[in-house]
file model25.cif (mmCIF, C-alpha atoms and all ligand atoms)
data_upload
#
loop_
_atom_site.label_atom_id
_atom_site.label_comp_id
_atom_site.auth_asym_id
_atom_site.auth_seq_id
_atom_site.Cartn_x
_atom_site.Cartn_y
_atom_site.Cartn_z
CA MET A 1 18.45 -8.20 -29.15
CA ASN A 2 21.97 -9.13 -28.23
CA ALA A 3 23.09 -12.79 -28.39
CA GLY A 4 24.83 -12.62 -25.01
CA ILE A 5 21.68 -11.34 -23.33
CA ASP A 6 19.58 -14.01 -25.09
CA LEU A 7 21.84 -16.74 -23.82
CA PHE A 8 21.84 -15.32 -20.30
CA MET A 9 18.05 -15.11 -20.22
CA GLU A 10 17.64 -18.63 -21.64
CA GLY A 11 19.79 -19.98 -18.83
CA LEU A 12 17.82 -18.04 -16.23
CA LYS A 13 14.47 -19.22 -17.59
CA ALA A 14 15.60 -22.85 -17.65
CA ARG A 15 16.58 -22.61 -13.96
CA THR A 16 13.45 -20.67 -12.89
CA PRO A 17 10.59 -21.88 -15.09
CA GLY A 18 7.36 -19.90 -14.93
CA GLU A 19 8.74 -17.01 -12.87
CA THR A 20 7.62 -14.43 -15.43
CA GLU A 21 7.70 -11.31 -13.21
CA PHE A 22 11.20 -12.23 -12.06
CA HIS A 23 12.35 -12.72 -15.66
CA GLN A 24 10.88 -9.31 -16.57
CA ALA A 25 12.76 -7.54 -13.75
CA VAL A 26 16.03 -9.30 -14.56
CA LEU A 27 15.82 -8.58 -18.30
CA GLU A 28 15.35 -4.86 -17.66
CA VAL A 29 18.50 -4.73 -15.50
CA VAL A 30 20.56 -6.98 -17.75
CA GLU A 31 19.74 -4.91 -20.85
CA SER A 32 20.80 -1.76 -19.00
CA VAL A 33 24.07 -3.06 -17.59
CA TRP A 34 25.21 -5.41 -20.36
CA ASP A 35 27.71 -2.95 -21.89
CA VAL A 36 29.26 -2.29 -18.49
CA TYR A 37 29.38 -6.04 -17.82
CA ASP A 38 30.88 -6.83 -21.22
CA ALA A 39 33.53 -4.14 -20.85
CA ASN A 40 34.58 -5.27 -17.40
CA PRO A 41 36.40 -8.63 -17.36
CA ARG A 42 36.59 -8.57 -13.55
CA TYR A 43 32.78 -8.75 -13.37
CA LYS A 44 32.57 -11.43 -16.05
CA GLN A 45 35.26 -13.65 -14.55
CA ALA A 46 33.56 -13.51 -11.18
CA LYS A 47 30.16 -14.25 -12.84
CA ILE A 48 28.73 -11.31 -10.93
CA LEU A 49 25.47 -11.14 -12.92
CA GLU A 50 24.92 -14.89 -12.70
CA ARG A 51 25.41 -14.66 -8.92
CA MET A 52 23.17 -11.62 -8.58
CA VAL A 53 20.14 -13.38 -10.06
CA GLU A 54 20.39 -16.24 -7.55
CA PRO A 55 19.05 -15.23 -4.11
CA GLU A 56 21.47 -15.91 -1.27
CA ARG A 57 18.67 -17.71 0.57
CA THR A 58 14.96 -18.40 0.01
CA ILE A 59 12.72 -19.35 2.91
CA MET A 60 9.20 -20.73 2.40
CA PHE A 61 7.01 -21.78 5.26
CA ARG A 62 3.54 -22.84 6.40
CA VAL A 63 1.40 -20.24 8.20
CA PRO A 64 -1.48 -21.96 9.99
CA TRP A 65 -4.02 -19.83 11.90
CA SER A 66 -7.66 -19.93 12.89
CA ASN A 67 -10.33 -17.51 11.70
CA ASP A 68 -13.14 -15.94 13.74
CA LYS A 69 -15.39 -18.93 13.08
CA GLY A 70 -12.78 -21.22 14.61
CA GLU A 71 -11.92 -22.76 11.23
CA VAL A 72 -8.31 -23.57 10.38
CA GLU A 73 -6.74 -21.63 7.51
CA ILE A 74 -3.34 -22.19 5.92
CA ASN A 75 -1.31 -19.63 4.00
CA ARG A 76 2.21 -19.72 2.61
CA GLY A 77 4.89 -17.41 3.98
CA TYR A 78 8.12 -16.37 2.25
CA ARG A 79 11.31 -14.43 2.79
CA VAL A 80 13.72 -14.06 -0.12
CA GLU A 81 17.11 -12.91 1.22
CA PHE A 82 18.50 -11.73 -2.08
CA ASN A 83 21.75 -9.90 -1.59
CA SER A 84 23.72 -8.82 1.49
CA ALA A 85 26.74 -7.24 -0.22
CA LEU A 86 25.88 -3.74 1.05
CA GLY A 87 24.25 -4.46 4.42
CA PRO A 88 21.60 -6.55 6.17
CA TYR A 89 18.82 -7.77 3.86
CA LYS A 90 16.22 -5.01 3.75
CA GLY A 91 12.83 -4.83 2.10
CA GLY A 92 9.13 -5.06 2.73
CA LEU A 93 6.59 -7.79 3.34
CA ARG A 94 3.65 -8.03 0.95
CA PHE A 95 0.39 -9.66 2.05
CA HIS A 96 -1.85 -10.09 -0.99
CA ARG A 97 -3.65 -12.98 -2.66
CA SER A 98 -1.49 -12.50 -5.81
CA VAL A 99 1.79 -13.16 -3.97
CA THR A 100 3.95 -15.93 -5.48
CA LEU A 101 7.65 -16.74 -5.33
CA SER A 102 8.07 -15.06 -8.73
CA ILE A 103 6.57 -11.79 -7.46
CA LEU A 104 8.75 -11.76 -4.35
CA LYS A 105 11.89 -12.63 -6.33
CA PHE A 106 11.27 -9.74 -8.73
CA LEU A 107 10.72 -7.42 -5.77
CA GLY A 108 13.79 -8.67 -3.87
CA PHE A 109 15.97 -8.38 -6.97
CA GLU A 110 14.81 -4.80 -7.63
CA GLN A 111 15.20 -3.95 -3.95
CA THR A 112 18.92 -4.78 -4.10
CA PHE A 113 19.58 -2.05 -6.71
CA LYS A 114 17.11 0.40 -5.16
CA ASN A 115 18.77 0.09 -1.76
CA SER A 116 22.16 0.55 -3.38
CA LEU A 117 20.91 3.81 -4.95
CA THR A 118 19.82 5.21 -1.57
CA THR A 119 23.52 5.43 -0.50
CA LEU A 120 22.57 3.75 2.82
CA PRO A 121 24.10 0.44 3.98
CA MET A 122 21.29 -1.99 3.12
CA GLY A 123 21.18 -5.26 1.20
CA GLY A 124 18.08 -6.46 -0.64
CA GLY A 125 15.27 -8.79 0.39
CA LYS A 126 11.52 -9.20 0.19
CA GLY A 127 8.91 -11.42 1.73
CA GLY A 128 5.25 -11.87 2.38
CA SER A 129 2.33 -14.18 2.01
CA ASP A 130 -0.67 -14.99 -0.17
CA PHE A 131 -2.84 -13.90 2.79
CA SER A 132 -5.36 -11.15 1.99
CA ALA A 133 -6.84 -8.81 4.59
CA LYS A 134 -9.93 -8.30 2.43
CA GLY A 135 -13.00 -9.06 4.54
CA ARG A 136 -10.92 -10.06 7.59
CA SER A 137 -11.40 -8.70 11.09
CA ASP A 138 -8.58 -7.00 13.01
CA ASN A 139 -8.37 -10.06 15.27
CA GLU A 140 -7.91 -12.36 12.29
CA ILE A 141 -5.19 -10.11 10.91
CA MET A 142 -3.45 -10.18 14.31
CA ARG A 143 -3.59 -13.97 14.57
CA PHE A 144 -2.25 -14.32 11.04
CA CYS A 145 0.63 -11.90 11.76
CA GLN A 146 1.50 -13.74 14.98
CA SER A 147 1.62 -17.10 13.22
CA PHE A 148 3.68 -15.62 10.36
CA MET A 149 6.26 -14.18 12.80
CA THR A 150 6.39 -17.40 14.82
CA GLU A 151 8.34 -18.88 11.91
CA LEU A 152 9.96 -15.75 10.45
CA PHE A 153 11.61 -14.64 13.72
CA ARG A 154 14.40 -17.24 13.47
CA HIS A 155 15.55 -15.86 10.11
CA ILE A 156 15.64 -12.11 10.82
CA GLY A 157 17.33 -9.65 13.19
CA PRO A 158 18.50 -6.02 13.30
CA ASN A 159 21.91 -7.00 11.84
CA THR A 160 20.65 -9.82 9.62
CA ASP A 161 17.40 -9.01 7.86
CA VAL A 162 15.05 -6.09 8.56
CA PRO A 163 11.58 -6.39 6.99
CA ALA A 164 9.05 -3.54 6.64
CA GLY A 165 5.68 -3.01 4.98
CA ASP A 166 4.54 -3.23 1.37
CA ILE A 167 1.09 -3.84 -0.14
CA GLY A 168 -1.23 -5.14 2.61
CA VAL A 169 1.30 -4.47 5.39
CA GLY A 170 0.99 -1.08 7.11
CA GLY A 171 1.35 0.26 10.64
CA ARG A 172 -1.24 -2.13 12.07
CA GLU A 173 0.42 -5.27 10.68
CA ILE A 174 3.94 -4.08 11.60
CA GLY A 175 2.65 -3.60 15.16
CA TYR A 176 1.35 -7.17 15.42
CA LEU A 177 4.50 -8.59 13.81
CA PHE A 178 6.79 -6.57 16.10
CA GLY A 179 4.86 -7.56 19.22
CA GLN A 180 5.24 -11.25 18.41
CA TYR A 181 8.96 -10.92 17.60
CA LYS A 182 9.60 -9.10 20.88
CA ARG A 183 7.67 -11.71 22.81
CA ILE A 184 9.56 -14.66 21.31
CA ARG A 185 13.05 -13.12 21.47
CA ASN A 186 12.56 -11.07 24.63
CA GLU A 187 14.33 -8.19 22.86
CA PHE A 188 13.27 -4.68 21.86
CA THR A 189 15.30 -4.04 18.72
CA GLY A 190 15.00 -2.36 15.33
CA VAL A 191 14.14 -5.65 13.61
CA LEU A 192 11.31 -4.11 11.58
CA THR A 193 10.84 -0.62 10.16
CA GLY A 194 7.61 1.28 9.73
CA LYS A 195 7.01 1.00 13.47
CA GLY A 196 4.64 3.34 15.33
CA LEU A 197 6.01 6.75 16.30
CA GLY A 198 5.79 6.06 20.03
CA TRP A 199 7.73 2.78 19.89
CA GLY A 200 10.75 3.20 17.65
CA GLY A 201 9.27 4.39 14.37
CA SER A 202 10.68 7.30 12.38
CA LEU A 203 8.85 10.52 11.64
CA ILE A 204 7.91 10.75 7.92
CA ARG A 205 8.21 6.97 7.33
CA PRO A 206 4.48 6.63 6.45
CA GLU A 207 4.75 9.55 4.01
CA ALA A 208 8.26 8.78 2.75
CA THR A 209 7.54 6.76 -0.40
CA GLY A 210 5.06 9.31 -1.73
CA TYR A 211 7.03 12.39 -0.60
CA GLY A 212 10.29 11.00 -1.98
CA ALA A 213 8.60 10.23 -5.32
CA VAL A 214 7.36 13.79 -5.64
CA TYR A 215 10.82 15.17 -4.71
CA PHE A 216 12.22 12.99 -7.49
CA VAL A 217 9.58 14.28 -9.94
CA GLN A 218 10.56 17.84 -8.97
CA HIS A 219 14.12 17.09 -10.12
CA MET A 220 12.86 15.52 -13.36
CA LEU A 221 10.69 18.58 -14.00
CA LYS A 222 13.57 20.94 -13.25
CA GLU A 223 15.52 19.31 -16.10
CA MET A 224 12.59 20.31 -18.35
CA GLY A 225 12.40 23.84 -16.93
CA LYS A 226 9.06 23.11 -15.21
CA GLU A 227 7.65 22.76 -11.70
CA VAL A 228 4.81 20.90 -9.91
CA ASN A 229 2.79 24.08 -9.29
CA GLY A 230 -0.11 24.30 -11.76
CA LEU A 231 0.26 20.78 -13.20
CA THR A 232 -2.43 18.07 -13.20
CA PHE A 233 -1.69 14.50 -12.07
CA SER A 234 -3.34 11.11 -12.38
CA VAL A 235 -2.55 8.69 -9.57
CA SER A 236 -3.49 5.00 -9.33
CA GLY A 237 -4.11 3.11 -6.09
CA PHE A 238 -5.45 4.61 -2.89
CA GLY A 239 -3.07 3.18 -0.30
CA ASN A 240 -0.30 4.65 1.77
CA VAL A 241 1.91 5.46 -1.22
CA ALA A 242 -0.82 7.26 -3.21
CA TRP A 243 -1.80 9.13 -0.03
CA GLY A 244 1.76 10.41 0.57
CA ALA A 245 2.24 11.47 -3.06
CA ILE A 246 -1.10 13.29 -3.20
CA SER A 247 -0.41 15.15 0.07
CA LYS A 248 2.93 16.45 -1.25
CA ILE A 249 1.57 17.34 -4.71
CA ASN A 250 -1.16 19.41 -3.03
CA GLU A 251 1.41 21.14 -0.84
CA LEU A 252 3.39 22.11 -3.95
CA GLY A 253 0.37 23.48 -5.84
CA GLY A 254 -0.31 20.56 -8.18
CA LYS A 255 -3.73 18.96 -8.68
CA VAL A 256 -4.52 15.22 -8.52
CA VAL A 257 -7.69 14.19 -10.33
CA THR A 258 -7.77 10.38 -10.06
CA VAL A 259 -7.26 7.52 -7.64
CA SER A 260 -8.07 3.89 -8.39
CA GLY A 261 -8.66 0.43 -6.95
CA PRO A 262 -9.07 -3.08 -8.33
CA ASP A 263 -12.70 -2.07 -9.06
CA GLY A 264 -11.99 0.95 -11.31
CA TYR A 265 -11.05 4.61 -10.91
CA ILE A 266 -12.67 7.86 -9.77
CA TYR A 267 -12.25 11.20 -11.55
CA ASP A 268 -12.43 14.26 -9.31
CA PRO A 269 -12.01 17.40 -11.46
CA ALA A 270 -11.82 19.70 -8.41
CA GLY A 271 -8.76 17.80 -7.14
CA ILE A 272 -8.29 15.36 -4.27
CA THR A 273 -7.61 17.71 -1.38
CA GLY A 274 -8.30 18.23 2.34
CA ALA A 275 -10.67 15.71 3.92
CA LYS A 276 -10.72 13.71 0.67
CA VAL A 277 -7.05 12.83 1.17
CA ASP A 278 -7.67 11.55 4.71
CA TYR A 279 -10.65 9.58 3.40
CA LEU A 280 -8.19 7.40 1.45
CA LEU A 281 -6.80 6.13 4.75
CA GLU A 282 -10.32 5.21 5.88
CA LEU A 283 -10.84 3.27 2.64
CA ARG A 284 -7.64 1.30 3.25
CA GLU A 285 -8.56 0.52 6.85
CA SER A 286 -12.01 -0.77 5.87
CA ASN A 287 -10.31 -3.94 4.47
CA ASN A 288 -12.60 -3.79 1.41
CA ASP A 289 -9.98 -2.93 -1.22
CA ILE A 290 -12.33 -0.84 -3.43
CA VAL A 291 -12.33 2.84 -4.41
CA ALA A 292 -15.98 3.21 -5.54
CA PRO A 293 -17.19 4.55 -2.14
CA TYR A 294 -15.10 7.71 -2.78
CA ALA A 295 -17.42 8.54 -5.72
CA GLU A 296 -20.53 8.25 -3.53
CA GLU A 297 -18.99 10.11 -0.62
CA PHE A 298 -17.88 13.12 -2.67
CA GLY A 299 -20.30 13.04 -5.63
CA VAL A 300 -17.82 12.45 -8.44
CA GLU A 301 -17.74 10.05 -11.36
CA PHE A 302 -16.64 6.40 -10.98
CA PHE A 303 -15.39 4.43 -13.99
CA PRO A 304 -15.81 0.70 -13.22
CA ASP A 305 -13.14 -1.73 -14.43
CA ALA A 306 -11.17 1.08 -16.10
CA LYS A 307 -7.66 2.42 -15.50
CA PRO A 308 -6.93 6.10 -14.76
CA TRP A 309 -4.48 6.37 -17.69
CA GLU A 310 -7.30 7.42 -20.04
CA ALA A 311 -7.71 10.77 -18.21
CA LYS A 312 -6.03 13.84 -19.75
CA VAL A 313 -3.26 14.98 -17.38
CA ASP A 314 0.26 16.44 -17.41
CA ILE A 315 1.84 13.75 -15.24
CA ALA A 316 0.90 10.13 -14.49
CA LEU A 317 2.05 8.36 -11.32
CA PRO A 318 1.33 4.63 -11.09
CA CYS A 319 1.14 4.02 -7.31
CA ALA A 320 -0.67 0.66 -7.11
CA THR A 321 1.10 -2.51 -8.25
CA GLN A 322 3.29 -4.17 -10.90
CA ASN A 323 2.38 -4.06 -14.60
CA GLU A 324 -0.55 -1.69 -14.05
CA LEU A 325 0.36 0.51 -17.06
CA ASP A 326 0.86 -1.19 -20.44
CA GLU A 327 1.91 -0.07 -23.90
CA ALA A 328 -1.62 0.91 -24.95
CA ASP A 329 -1.87 3.07 -21.82
CA ALA A 330 1.53 4.63 -22.57
CA LEU A 331 0.43 5.55 -26.10
CA LYS A 332 -2.85 6.99 -24.80
CA LEU A 333 -1.04 9.13 -22.20
CA MET A 334 1.42 10.52 -24.75
CA LYS A 335 -1.34 11.21 -27.26
CA ASN A 336 -3.27 13.13 -24.58
CA GLY A 337 -0.33 15.45 -23.95
CA CYS A 338 1.17 13.86 -20.83
CA ILE A 339 4.78 15.05 -20.35
CA LEU A 340 6.12 12.72 -17.66
CA VAL A 341 5.48 9.29 -16.14
CA ALA A 342 7.18 8.24 -12.90
CA GLU A 343 6.66 4.73 -11.51
CA VAL A 344 5.94 4.89 -7.82
CA SER A 345 4.81 1.25 -7.65
CA ASN A 346 7.51 -1.37 -8.17
CA MET A 347 7.69 -2.28 -11.90
CA GLY A 348 4.41 -0.41 -12.41
CA CYS A 349 4.88 -0.43 -16.19
CA THR A 350 5.06 -3.46 -18.49
CA SER A 351 8.24 -3.82 -20.54
CA GLY A 352 6.18 -2.83 -23.60
CA ALA A 353 5.29 0.49 -21.92
CA VAL A 354 8.88 1.14 -20.75
CA ASN A 355 10.31 0.50 -24.23
CA CYS A 356 7.63 2.69 -25.76
CA PHE A 357 8.56 5.61 -23.48
CA ILE A 358 12.29 5.24 -24.07
CA ASN A 359 12.02 4.78 -27.84
CA ASN A 360 9.99 8.00 -27.97
CA LYS A 361 12.52 9.80 -25.74
CA PHE A 362 9.67 10.48 -23.35
CA THR A 363 10.55 11.46 -19.77
CA PHE A 364 10.06 8.28 -17.73
CA ALA A 365 11.64 7.04 -14.49
CA PRO A 366 11.50 3.55 -12.96
CA GLY A 367 10.26 2.55 -9.51
CA LYS A 368 13.65 1.61 -8.13
CA ALA A 369 14.69 5.28 -8.41
CA VAL A 370 11.37 7.06 -7.87
CA ASN A 371 10.06 5.09 -4.88
CA ALA A 372 13.38 4.64 -3.05
CA GLY A 373 12.42 7.29 -0.49
CA GLY A 374 10.37 4.68 1.38
CA VAL A 375 13.20 2.29 2.03
CA ALA A 376 15.58 5.24 2.50
CA VAL A 377 13.59 6.47 5.50
CA SER A 378 13.46 2.85 6.69
CA GLY A 379 17.26 3.05 6.61
CA LEU A 380 17.07 6.25 8.64
CA GLU A 381 14.75 4.48 11.09
CA MET A 382 17.43 1.78 11.51
CA SER A 383 20.05 4.49 12.20
CA GLN A 384 17.82 6.12 14.80
CA ASN A 385 17.10 2.74 16.44
CA SER A 386 20.83 1.97 16.61
CA MET A 387 21.44 5.33 18.31
CA ARG A 388 18.34 4.88 20.51
CA TYR A 389 17.36 8.37 19.50
CA ASN A 390 14.75 10.10 17.30
CA TRP A 391 15.35 12.79 14.73
CA THR A 392 12.89 15.65 14.17
CA ASN A 393 10.60 15.94 11.18
CA GLU A 394 12.91 18.54 9.64
CA GLU A 395 15.98 16.36 10.09
CA VAL A 396 14.40 13.31 8.42
CA ASP A 397 12.84 15.35 5.62
CA LYS A 398 16.15 17.09 4.92
CA ARG A 399 17.93 13.72 4.63
CA LEU A 400 15.15 12.36 2.40
CA HIS A 401 15.52 15.40 0.11
CA LEU A 402 19.29 14.87 -0.13
CA ILE A 403 18.91 11.16 -0.89
CA MET A 404 16.36 11.75 -3.67
CA GLN A 405 18.61 14.39 -5.18
CA ASP A 406 21.54 12.00 -4.99
CA ILE A 407 19.54 9.28 -6.79
CA HIS A 408 18.58 11.79 -9.49
CA ASP A 409 22.25 12.77 -9.90
CA THR A 410 23.22 9.08 -10.20
CA CYS A 411 20.54 8.49 -12.87
CA THR A 412 21.76 11.50 -14.81
CA ARG A 413 25.43 10.51 -14.51
CA HIS A 414 24.86 7.00 -15.86
CA GLY A 415 21.84 7.62 -18.09
CA LYS A 416 22.27 10.93 -19.92
CA SER A 417 23.29 11.02 -23.57
CA ASP A 418 22.44 13.47 -26.36
CA GLY A 419 20.40 15.56 -23.97
CA TYR A 420 18.02 12.68 -23.07
CA ILE A 421 18.10 11.13 -19.61
CA ASN A 422 17.38 7.41 -19.78
CA TYR A 423 16.44 6.99 -16.11
CA VAL A 424 16.03 3.22 -16.48
CA LYS A 425 19.62 2.81 -17.62
CA GLY A 426 20.90 5.39 -15.14
CA ALA A 427 19.22 3.73 -12.15
CA ASN A 428 20.21 0.20 -13.15
CA VAL A 429 23.85 0.99 -13.89
CA GLY A 430 24.19 3.21 -10.82
CA GLY A 431 22.66 0.58 -8.54
CA PHE A 432 24.54 -2.32 -10.15
CA VAL A 433 28.11 -1.01 -10.02
CA LYS A 434 28.11 -0.47 -6.29
CA VAL A 435 26.74 -3.96 -5.55
CA ALA A 436 29.13 -5.55 -8.07
CA GLU A 437 32.18 -3.86 -6.54
CA ALA A 438 31.15 -4.92 -3.03
CA MET A 439 30.61 -8.53 -4.17
CA LEU A 440 34.04 -8.61 -5.82
CA ALA A 441 35.71 -7.21 -2.71
CA GLN A 442 34.01 -9.81 -0.51
CA GLY A 443 35.25 -12.80 -2.55
CA LEU A 444 33.38 -15.83 -3.83
CA VAL A 445 30.40 -15.84 -1.48
O1 LIG B 1 9.31 -1.55 -2.10
C1 LIG B 1 9.82 -0.98 -1.12
O2 LIG B 1 10.86 -0.33 -1.21
C2 LIG B 1 9.15 -1.10 0.17
N1 LIG B 1 8.09 -1.71 0.24
C3 LIG B 1 9.75 -0.50 1.41
C4 LIG B 1 10.77 -1.42 1.98
C5 LIG B 1 11.34 -1.00 3.31
O3 LIG B 1 12.15 -1.77 3.82
O4 LIG B 1 11.02 0.06 3.83
#

call {"tool": "encode", "arguments": {"input": "model25.cif", "output": "structure tokens", "more": "lines below"}}
Ligand code: 2IT
result
Amino acid sequence: MNAGIDLFMEGLKARTPGETEFHQAVLEVVESVWDVYDANPRYKQAKILERMVEPERTIMFRVPWSNDKGEVEINRGYRVEFNSALGPYKGGLRFHRSVTLSILKFLGFEQTFKNSLTTLPMGGGKGGSDFSAKGRSDNEIMRFCQSFMTELFRHIGPNTDVPAGDIGVGGREIGYLFGQYKRIRNEFTGVLTGKGLGWGGSLIRPEATGYGAVYFVQHMLKEMGKEVNGLTFSVSGFGNVAWGAISKINELGGKVVTVSGPDGYIYDPAGITGAKVDYLLELRESNNDIVAPYAEEFGVEFFPDAKPWEAKVDIALPCATQNELDEADALKLMKNGCILVAEVSNMGCTSGAVNCFINNKFTFAPGKAVNAGGVAVSGLEMSQNSMRYNWTNEEVDKRLHLIMQDIHDTCTRHGKSDGYINYVKGANVGGFVKVAEAMLAQGLV
């Protein structure tokens, strides 16, 4: 460890006690960019890193609502407006019982660099609530969303802050949130992305995170002289992101043999194809948050309370949530002959797992590069909304391809040495420099 980094992290921890996920995300970036920071007195004098780790604004609010039994429930709502150097704050809303300020600060911090990598004009932000849709009716979800937006509306806007979905927030929730915003403001604007196709949404937005991730993996494989066709994949999660990735892998001739939930994972040796892929969407909409019914429905094996990383595959794609793949999982994957791991979830790997991959010169890429296709198509949705026009499937997909290729080029430019591409370093340095330069140009704000 480097004394400068130690001192920086000590200061951060003293100011933000207990925010462990946030500390983890910051340390990863700081370790990657420290040499650049040290070598650039302009950045140091302006305390760019110290400023970057402090959100521009943090909003926390009460969300009262009443459930179907007429009982009052209270949740906590958040919006962390992290960095607006490159554009309006942009990033999803997460509704999940595990949501804390630390989780949303790690996500908002990462989002700033991810959005910078997309090449589109977007700052970084994140928000959400500790509300969980598990076991709730559609009406309860609607009332919660309406109450949430009744406070959030005053802080956001198409040129200020543009939220979207994340875990627990999909097309249904975006619809309820948008309806309430429109009603309060009496304005039909592109204030949220991930909208329905008939009312301002972009084609390919639901698929974008998964598709973009697989396009990125194609570039990683090309560096190794390989392609998706014929390779076997393990995927975790069963939500929108896993669904998009699996659809694209199938299209390219790969085979996905696992999906997982908080209850365990299923192993489907024939591959998750056809109606089985659509079934994932049904599982998500059931509000049960378990994957076990897949095993009953299609007669395959279910492994309770286990993670999919024990299955023998060529490529592993964490698509569920943060810290879902640890060092022991990393070692198991490598021992079983896995050749590539790409994080599709945000910070899907623990720092132990990331260090293990990099120390072994194993091909690994971080979420802020791999999953940036989601927010990139959100950016394209904002462009279309501003023009009051819709692009075709082909147009959006072509732009998504170009953006993912651009991110891969950036990672290679900043991360390649001695024939090994350190994608973590490449993504962090590439994302950082652009934000740092914009902050310098905009003065002490
Ligand atoms: O983590 C992410 O990049 C997202 N949840 C998507 C954010 C967005 O604004 O589309």

call {"tool": "atom_distance", "arguments": {"input": "model25.cif", "atom1": "atom CA of A:Leu281", "atom2": "atom CA of A:Asp138"}}
result
15.6 Å

call {"tool": "closest_residue", "arguments": {"input": "model25.cif", "among": "A:Gly123, A:Gly70, A:Pro262, A:Gly175", "to": "A:Pro55", "atoms": "only C-alpha atoms"}}
result
A:Gly123

call {"tool": "closest_atom_pairs", "arguments": {"input": "model25.cif", "of": "chain A", "to": "ligand LIG 1 (chain B)", "cutoff": "6 Å", "atoms": "only C-alpha atoms and all ligand atoms", "output": "JSON lines"}}
result
{"residue": "A:Lys90", "atom": "CA", "partner": "B:LIG1", "partner_atom": "O3", "distance": 5.2}
{"residue": "A:Gly91", "atom": "CA", "partner": "B:LIG1", "partner_atom": "O3", "distance": 3.6}
{"residue": "A:Gly92", "atom": "CA", "partner": "B:LIG1", "partner_atom": "C4", "distance": 4.1}
{"residue": "A:Pro163", "atom": "CA", "partner": "B:LIG1", "partner_atom": "O3", "distance": 5.6}
{"residue": "A:Ala164", "atom": "CA", "partner": "B:LIG1", "partner_atom": "O3", "distance": 4.5}
{"residue": "A:Gly165", "atom": "CA", "partner": "B:LIG1", "partner_atom": "N1", "distance": 5.5}
{"residue": "A:Asp166", "atom": "CA", "partner": "B:LIG1", "partner_atom": "N1", "distance": 4.0}
{"residue": "A:Ala372", "atom": "CA", "partner": "B:LIG1", "partner_atom": "O2", "distance": 5.9}
{"residue": "A:Gly374", "atom": "CA", "partner": "B:LIG1", "partner_atom": "C3", "distance": 5.2}
{"residue": "A:Val375", "atom": "CA", "partner": "B:LIG1", "partner_atom": "O4", "distance": 3.6}
{"residue": "A:Ser378", "atom": "CA", "partner": "B:LIG1", "partner_atom": "O4", "distance": 4.7}

call {"tool": "closest_residue", "arguments": {"input": "model25.cif", "among": "A:Phe153, A:Pro318, A:Ser102, A:Trp65", "to": "A:Glu187", "atoms": "all atoms listed in the file"}}
result
A:Phe153

call {"tool": "closest_residue", "arguments": {"input": "model25.cif", "among": "A:Thr118, A:Asn288, A:Thr16, A:Thr209", "to": "A:Val53", "atoms": "all atoms listed in the file"}}
result
A:Thr16

call {"tool": "closest_residue", "arguments": {"input": "model25.cif", "among": "A:Ala328, A:Ala436, A:Val370, A:Leu317", "to": "A:Val341", "atoms": "all atoms listed in the file"}}
result
A:Leu317

call {"tool": "residues_near_point", "arguments": {"input": "model25.cif", "point": "(3.8, 24.0, -13.8)", "cutoff": "10 Å", "atoms": "only C-alpha atoms", "output": "PyMOL selection string"}}
result
chain A and resi 221+225-232+253-254+314

call {"tool": "residues_around", "arguments": {"input": "model25.cif", "residues": "A:Glu21", "least_positions_apart": "5", "cutoff": "10 Å", "atoms": "only C-alpha atoms", "output": "ChimeraX atom specification"}}
result
/A:26-27,100-107,322-323,347,350

call {"tool": "atom_distance", "arguments": {"input": "model25.cif", "atom1": "atom CA of A:Val241", "atom2": "atom CA of A:Gly201"}}
result
17.3 Å

call {"tool": "residues_near_point", "arguments": {"input": "model25.cif", "point": "(10.2, -4.2, 16.5)", "cutoff": "8 Å", "atoms": "all atoms listed in the file", "output": "mmCIF file with C-alpha atoms, keeping the file's coordinate frame"}}
result
data_model
loop_
_atom_site.group_PDB
_atom_site.id
_atom_site.type_symbol
_atom_site.label_atom_id
_atom_site.label_comp_id
_atom_site.auth_asym_id
_atom_site.auth_seq_id
_atom_site.Cartn_x
_atom_site.Cartn_y
_atom_site.Cartn_z
ATOM 1 C CA ILE A 174 3.940 -4.080 11.600
ATOM 2 C CA GLY A 175 2.650 -3.600 15.160
ATOM 3 C CA LEU A 177 4.500 -8.590 13.810
ATOM 4 C CA PHE A 178 6.790 -6.570 16.100
ATOM 5 C CA GLY A 179 4.860 -7.560 19.220
ATOM 6 C CA TYR A 181 8.960 -10.920 17.600
ATOM 7 C CA LYS A 182 9.600 -9.100 20.880
ATOM 8 C CA PHE A 188 13.270 -4.680 21.860
ATOM 9 C CA THR A 189 15.300 -4.040 18.720
ATOM 10 C CA GLY A 190 15.000 -2.360 15.330
ATOM 11 C CA VAL A 191 14.140 -5.650 13.610
ATOM 12 C CA LEU A 192 11.310 -4.110 11.580
ATOM 13 C CA THR A 193 10.840 -0.620 10.160
ATOM 14 C CA LYS A 195 7.010 1.000 13.470
ATOM 15 C CA GLY A 200 10.750 3.200 17.650
#

call {"tool": "closest_residue", "arguments": {"input": "model25.cif", "among": "A:Ser247, A:Val300, A:Glu310, A:Gly171", "to": "A:Leu197", "atoms": "only C-alpha atoms"}}
result
A:Gly171

call {"tool": "residues_around", "arguments": {"input": "model25.cif", "residues": "A:Lys361", "least_positions_apart": "4", "cutoff": "12 Å", "atoms": "all atoms listed in the file", "output": "list in words"}}
result
Met334, Ile339, Leu340, Val341, Val354, Asn355, Cys356, Phe357, Ala365, Lys416, Ser417, Asp418, Gly419, Tyr420, Ile421, Asn422, Tyr423 and Val424 of chain A

call {"tool": "residues_around", "arguments": {"input": "model25.cif", "residues": "A:Asn159", "least_positions_apart": "3", "cutoff": "9 Å", "atoms": "all atoms listed in the file", "output": "PyMOL selection string"}}
result
chain A and resi 87-89+156+162+191
